[in-house]
Structures are given as C-alpha cells and as structure tokens.
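File shown: data.txt (compact mmCIF, C-alpha atoms).
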# COMPACT_ATOMS: atom_id res chain seq x y z
CA ALA F 1 -101.56 173.08 156.90
CA PRO F 2 -102.15 176.53 158.40
CA ALA F 3 -101.02 179.38 156.21
CA VAL F 4 -98.84 182.23 157.43
CA VAL F 5 -100.25 185.33 155.78
CA ARG F 6 -98.31 188.10 157.44
CA GLU F 7 -94.91 188.75 158.99
CA ALA F 8 -94.61 189.62 162.65
CA GLN F 9 -91.93 190.06 165.24
CA PRO F 10 -91.66 187.10 167.63
CA SER F 11 -93.35 187.67 170.96
CA HIS F 12 -91.92 186.66 174.28
CA GLY F 13 -93.05 184.62 177.24
CA ALA F 14 -96.27 182.71 177.69
CA VAL F 15 -99.96 183.44 177.72
CA ASP F 16 -103.05 181.97 179.38
CA GLY F 17 -101.38 180.70 182.54
CA SER F 18 -98.38 178.83 181.20
CA SER F 19 -95.03 180.02 182.49
CA VAL F 20 -91.61 180.18 180.92
CA SER F 21 -88.29 180.61 182.67
CA ALA F 22 -85.63 183.14 181.75
CA ASP F 23 -83.95 180.64 179.44
CA GLY F 24 -87.16 179.96 177.56
CA GLU F 25 -87.93 176.53 179.04
CA PRO F 26 -91.37 175.77 180.50
CA THR F 27 -91.31 175.91 184.31
CA SER F 28 -94.81 174.53 184.59
CA GLY F 29 -96.69 172.38 182.12
CA PRO F 30 -99.39 173.91 179.96
CA GLN F 31 -102.83 173.57 181.52
CA GLY F 32 -105.02 170.74 180.26
CA GLU F 33 -105.67 167.03 180.56
CA GLY F 34 -103.29 165.64 177.98
CA PHE F 35 -104.49 167.74 175.05
CA THR F 36 -101.13 169.46 174.54
CA VAL F 37 -99.02 169.30 171.39
CA PHE F 38 -95.39 170.20 170.83
CA VAL F 39 -94.91 172.21 167.64
CA GLY F 40 -91.44 172.54 166.10
CA GLY F 41 -90.12 173.99 162.86
CA LEU F 42 -92.06 177.25 163.21
CA PRO F 43 -91.02 180.20 161.01
CA TRP F 44 -89.06 182.71 163.08
CA SER F 45 -91.50 185.50 162.15
CA VAL F 46 -94.51 183.73 163.65
CA ASP F 47 -95.62 185.16 166.99
CA GLU F 48 -98.20 183.90 169.47
CA ALA F 49 -101.05 185.81 167.86
CA ILE F 50 -100.42 184.26 164.43
CA LEU F 51 -99.91 180.82 165.93
CA ARG F 52 -103.13 181.07 167.93
CA ARG F 53 -105.07 182.26 164.90
CA ASP F 54 -103.81 179.51 162.60
CA PHE F 55 -104.11 176.62 165.04
CA SER F 56 -107.52 177.75 166.29
CA ASP F 57 -108.82 176.10 163.11
CA CYS F 58 -108.13 172.81 164.91
CA GLY F 59 -110.26 173.69 167.92
CA LYS F 60 -110.48 175.88 171.00
CA ILE F 61 -107.04 176.71 172.42
CA SER F 62 -106.77 176.72 176.22
CA SER F 63 -103.16 177.89 176.42
CA LEU F 64 -100.22 178.61 174.16
CA THR F 65 -96.51 179.00 174.91
CA LEU F 66 -93.99 180.18 172.33
CA LEU F 67 -90.47 179.37 173.52
CA THR F 68 -87.88 182.11 173.17
CA ASP F 69 -84.10 182.34 173.20
CA ARG F 70 -82.60 183.22 176.59
CA GLU F 71 -80.17 185.81 175.23
CA THR F 72 -81.98 187.36 172.26
CA GLY F 73 -85.60 186.95 173.34
CA LYS F 74 -86.44 185.81 169.82
CA SER F 75 -88.54 182.80 168.93
CA ARG F 76 -86.83 179.41 169.07
CA GLY F 77 -89.21 178.11 166.43
CA MET F 78 -91.19 175.87 168.75
CA ALA F 79 -94.22 176.04 171.00
CA PHE F 80 -96.61 174.13 173.21
CA ILE F 81 -100.33 174.42 172.44
CA THR F 82 -103.03 173.02 174.71
CA PHE F 83 -106.50 172.42 173.31
CA ALA F 84 -109.78 172.25 175.18
CA ASP F 85 -110.53 168.73 173.95
CA GLU F 86 -109.09 165.71 172.21
CA GLU F 87 -110.62 166.65 168.88
CA GLY F 88 -108.48 169.79 168.75
CA LEU F 89 -105.36 167.79 169.59
CA ARG F 90 -106.05 165.20 166.90
CA SER F 91 -106.67 167.90 164.30
CA ALA F 92 -103.37 169.60 165.17
CA LEU F 93 -101.45 166.33 164.86
CA LYS F 94 -102.53 166.15 161.22
CA TYR F 95 -100.29 169.17 160.51
CA ASP F 96 -97.17 167.09 161.25
CA GLY F 97 -94.83 167.22 158.25
CA ASP F 98 -96.76 170.00 156.48
CA ASP F 99 -95.18 173.10 155.02
CA TYR F 100 -95.81 176.19 157.16
CA GLY F 101 -94.38 179.46 155.93
CA GLY F 102 -91.62 177.64 154.07
CA ARG F 103 -90.60 175.39 156.98
CA MET F 104 -91.48 171.78 157.78
CA LEU F 105 -93.75 171.53 160.82
CA LYS F 106 -93.16 168.92 163.51
CA VAL F 107 -96.28 168.33 165.58
CA ALA F 108 -96.34 165.68 168.30
CA LYS F 109 -98.33 165.00 171.43
CA ALA F 110 -96.57 166.43 174.48
CA ASP F 111 -96.52 165.08 178.00
CA PRO F 112 -97.75 167.96 180.23
CA LYS F 113 -96.49 166.26 183.39
CA GLY F 114 -92.97 165.64 182.14
CA PRO F 115 -90.86 162.79 183.47
CA GLN F 116 -91.40 161.45 186.98
CA GLY F 117 -88.70 159.94 189.14
CA LYS F 118 -86.57 160.29 192.24
CA GLY F 119 -85.46 163.83 192.86
CA LYS F 120 -87.12 165.03 189.67
CA GLY F 121 -90.10 166.74 191.19
CA LYS F 122 -93.32 167.29 189.32
CA GLY F 123 -94.20 169.26 186.24
CA TRP F 124 -91.41 170.19 183.82
CA ALA F 125 -88.54 168.87 185.90
CA LYS F 126 -85.65 171.21 186.51
CA GLY F 127 -82.73 170.39 184.27
CA VAL F 128 -84.81 168.53 181.69
CA GLY F 129 -84.36 170.00 178.26
CA LYS F 130 -81.62 172.36 179.38
CA THR F 131 -79.29 172.93 176.50
CA GLY F 132 -76.29 174.67 178.06
CA GLU F 133 -73.59 175.52 175.55
CA ARG F 134 -72.91 173.26 172.62
CA PRO F 135 -69.40 171.79 172.91
CA PRO F 136 -67.15 172.97 170.05
CA GLY F 137 -67.37 170.60 167.11
CA CYS F 138 -70.23 168.61 168.63
CA THR F 139 -72.36 166.82 166.05
CA SER F 140 -74.16 164.40 168.40
CA VAL F 141 -77.06 164.58 170.82
CA TYR F 142 -77.83 162.41 173.82
CA ILE F 143 -81.40 161.14 174.19
CA LYS F 144 -82.80 160.29 177.62
CA ALA F 145 -86.17 159.03 178.91
CA LEU F 146 -86.61 157.17 175.63
CA SER F 147 -89.40 154.61 175.40
CA TYR F 148 -88.00 151.12 175.95
CA GLU F 149 -89.98 149.99 172.92
CA ALA F 150 -88.41 152.61 170.62
CA THR F 151 -86.06 151.30 167.95
CA GLU F 152 -83.17 152.95 166.14
CA GLU F 153 -85.41 153.18 163.08
CA ASP F 154 -88.01 155.04 165.17
CA LEU F 155 -85.36 157.61 166.12
CA ARG F 156 -84.23 157.96 162.51
CA THR F 157 -87.83 158.69 161.56
CA ALA F 158 -88.32 161.18 164.42
CA PHE F 159 -85.20 163.13 163.41
CA ARG F 160 -85.56 162.71 159.65
CA HIS F 161 -86.26 166.41 159.06
CA VAL F 162 -83.27 167.57 161.13
CA GLY F 163 -80.56 168.70 158.73
CA ALA F 164 -79.94 165.89 156.26
CA GLY F 165 -81.16 163.37 158.84
CA PRO F 166 -79.14 161.26 161.30
CA THR F 167 -75.85 159.77 160.10
CA ASN F 168 -75.85 157.25 162.93
CA VAL F 169 -78.19 156.17 165.74
CA ARG F 170 -77.16 154.05 168.70
CA ILE F 171 -79.53 152.98 171.47
CA LEU F 172 -77.71 152.04 174.66
CA THR F 173 -78.54 148.54 175.87
CA ASP F 174 -78.08 146.52 179.02
CA ARG F 175 -74.89 144.46 178.84
CA GLU F 176 -76.55 141.32 180.17
CA THR F 177 -80.09 141.42 178.80
CA GLY F 178 -79.51 143.40 175.62
CA GLU F 179 -82.62 145.44 176.36
CA SER F 180 -82.81 149.20 175.86
CA ARG F 181 -81.69 151.40 178.75
CA GLY F 182 -83.90 154.25 177.53
CA ASN F 183 -80.94 156.31 176.32
CA ALA F 184 -79.38 156.84 172.89
CA PHE F 185 -76.91 158.86 170.84
CA VAL F 186 -77.92 160.40 167.52
CA ASP F 187 -75.21 161.74 165.20
CA PHE F 188 -75.52 164.38 162.49
CA ASP F 189 -73.24 165.70 159.78
CA ASP F 190 -72.94 169.25 161.10
CA GLU F 191 -73.34 171.40 164.20
CA SER F 192 -76.37 173.31 162.94
CA ALA F 193 -78.30 170.05 162.69
CA VAL F 194 -77.48 169.37 166.35
CA ASP F 195 -79.04 172.71 167.31
CA GLU F 196 -82.17 171.77 165.35
CA ALA F 197 -82.29 168.37 167.06
CA MET F 198 -82.32 170.07 170.46
CA LYS F 199 -85.68 171.62 169.56
CA LEU F 200 -87.34 168.20 169.57
CA SER F 201 -86.74 167.79 173.31
CA GLY F 202 -90.04 166.91 174.97
CA MET F 203 -91.72 165.25 171.98
CA GLU F 204 -93.46 161.92 172.39
CA LEU F 205 -92.26 158.70 170.79
CA ASN F 206 -93.95 155.34 171.35
CA GLY F 207 -96.06 156.75 174.18
CA ARG F 208 -93.26 158.42 176.14
CA SER F 209 -91.71 161.88 175.98
CA PHE F 210 -87.96 161.90 175.43
CA TYR F 211 -85.47 164.68 176.10
CA VAL F 212 -82.45 165.84 174.16
CA GLU F 213 -79.10 167.15 175.40
CA TYR F 214 -75.82 167.98 173.71
CA ALA F 215 -73.67 164.88 173.84
CA LYS F 216 -70.56 164.97 175.98
CA PRO F 217 -67.37 166.06 174.17
CA ARG F 218 -65.93 162.54 173.91
CA ALA F 219 -69.03 161.46 172.00
CA CYS F 220 -68.58 164.34 169.61
CA ALA F 221 -65.06 163.46 168.53

Please express the file's structure as structure tokens.
Amino acid sequence: APAVVREAQPSHGAVDGSSVSADGEPTSGPQGEGFTVFVGGLPWSVDEAILRRDFSDCGKISSLTLLTDRETGKSRGMAFITFADEEGLRSALKYDGDDYGGRMLKVAKADPKGPQGKGKGKGWAKGVGKTGERPPGCTSVYIKALSYEATEEDLRTAFRHVGAGPTNVRILTDRETGESRGNAFVDFDDESAVDEAMKLSGMELNGRSFYVEYAKPRACA
C-alpha cells in the first residue's frame, strides 16, 4: 500500500480537467477510457498532492479529483483517480483493503459515464449520489442501480469495512418473478456507519456502478 509520510491540509476542488460542484460531487466524469478508480477511506490529512505522489507508483495519472465537504471544504476521504492505461488501473486496484495512514482503503473501478437512462442525461447524472441531510436516527441506506446479478452476500462484502459491517441486507425483488429490481436496503448499527456507507456511492459491483442514498425515514425506524 502507499505510505503517507507527511501531514497536509486537505485541498479543494479538482485538477487536470475534472470538475466538482459546490457540494463536492463530480459534475463531469474524470477524463479517460475506463481507467478510473474510486478510492475511499482516505486519511483526512491527505491532499491531492500526496494522493498523486503515492498513487503515481501505479502508473501515469491523467486526472485526480479529491471530493470535499460542501460546508467545510474539507476532504470527504474519497477521490477519483484516472490513469493513462489499464496497467495503472490494475495496479491501483491491488491497494483495495490495505492500510493507508491508519485507515482501510477501498479501491474499486469507477464508471466514468455514470448511469444512463430516461431523463438522466450523460456524465455524472444530476441527483445521483446526492446525500441531502441524514434523517434523524437513520441507520439505513438505499442502494440503487445495483447489478441484477449482485447478491445480498455481495453487498455484505462491499460494505464489510463500514462501521461494524451491515446488520441486515435486503435486495428488493419483483413480486411475480422474484428477480432483483436493482435496489436494496442496507442497515447498520449506528448513524456514523451510515455516513461512511454514503462514501461508497459510485463504486462498481458485479460490473455495474451502484449509488447510495439515505433511506427514507420509515425505513430507518
């Protein structure tokens, strides 16, 4: 795993052509032909310069976006990194689960085009990944755009490093066919775990990027 050797204040915004909206969400996908990774679990002190230096060991970086909090401007502990070739991407994926500055890294292949569909537009669709305010007492997240092949065990594995891990996973299925509807609820034992789970929005599972939202209040009861 890359080693963090110095402390730094989080930087803000994006570099090398990627753009980030006022609330810290990507408004356009990182440049590249599918060589982009989502990195979560970053130490709060890591800025873009440190991230670029450490992940450049994997290969040439074409663009890098460190996501920041809308209100504080501080790092949200996650980033998108686009490499110049597939070799760089594959090398970065090997860091998944490694210790990085005392935190567990989550590295997954990202989908630079985001979801496609009616009224969604292209690129990072508006509204996707928007967190809003967490409902009081909410300990559940709602998953959408989930791969139809994904199982509840797959979701448990994907969220295993969030808090103490999921307490319950429920994939919504079609009433008649019993097949997945591409949506799910994942429950945790506390609210802080829910906030951590939100950071995995946009990661790829079974070949498709899924997105995370706070579950509606009735699901959080």

task = Work out how far CA of Arg134 (chain F) is from CA of Asp190 (chain F), in Å to one decimal.
result =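 Atom-to-atom, CA of Asp190 (chain F) and CA of Arg134 (chain F) are spaced 12.2 Å apart.
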
message = Considering only C-alpha atoms, can you say which of F:Lys60, F:Arg175, F:Arg103, F:Arg76 comes closest to Leu89 (chain F)?
response =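 With only C-alpha atoms as the atom set, the closest residue is F:Lys60.
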
message = Under the rule that all atoms listed in the file are counted, which of F:Ser75, F:Glu87, F:Arg170, F:Ser45 is the nearest residue to Gly59 (chain F)?
response = F:Glu87

With all atoms listed in the file counted, which protein, DNA or RNA residues have an atom no more than 9 Å from (-86.0, 183.1, 164.3) in the file frame? Please answer as a compact mmCIF listing (two decimals) with C-alpha atoms, in the frame of the given file.
# COMPACT_ATOMS: atom_id res chain seq x y z
CA PRO F 10 -91.66 187.10 167.63
CA LEU F 42 -92.06 177.25 163.21
CA PRO F 43 -91.02 180.20 161.01
CA TRP F 44 -89.06 182.71 163.08
CA SER F 45 -91.50 185.50 162.15
CA VAL F 46 -94.51 183.73 163.65
CA LYS F 74 -86.44 185.81 169.82
CA SER F 75 -88.54 182.80 168.93
CA ARG F 76 -86.83 179.41 169.07
CA GLY F 77 -89.21 178.11 166.43

task = For Asn168 (chain F), please output as a list in words all residues within 12 Å (counting all atoms listed in the file; exclusion window: fewer than 2 positions along the same chain).
result =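 Final neighbour list, sorted by chain and number: Thr139, Ser140, Val141, Glu152, Glu153, Leu155, Arg156, Phe159, Arg160, Ala164, Gly165, Pro166, Arg170, Ile171, Ala184, Phe185, Val186, Asp187, Phe188 and Asp189 of chain F.
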
query = How many Å lie between CA of Glu149 (chain F) and CA of Asp99 (chain F), rounded to one decimal?
reply =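 Distance reported for this atom pair: 29.7 Å.
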
request  = Identify which of the residues F:Asp174, F:Asp85, F:Glu48, F:Glu179 lies closest to Ala150 (chain F), counting all atoms listed in the file when measuring atom-to-atom distances.
outcome  =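 Using all atoms listed in the file, the shortest distance to Ala150 (chain F) belongs to F:Glu179.
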
task = Give me, please, the distance in Å between CA of Leu67 (chain F) and CA of Thr151 (chain F), quoted to one decimal.
result =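 These two atoms are separated by 29.0 Å.
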
key: Closest of F:Leu172, F:Val107, F:Ala79, F:Leu146 to Gly207 (chain F) - atom-to-atom distances counting all atoms listed in the file   =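 So, comparing all the options, the nearest one is F:Leu146.
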
message = Taking all atoms listed in the file into account, name the residue in F:Leu51, F:Val37, F:Val162, F:Leu64 that is nearest to Gly88 (chain F).
response =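 Smallest separation from Gly88 (chain F) among the options: F:Val37.
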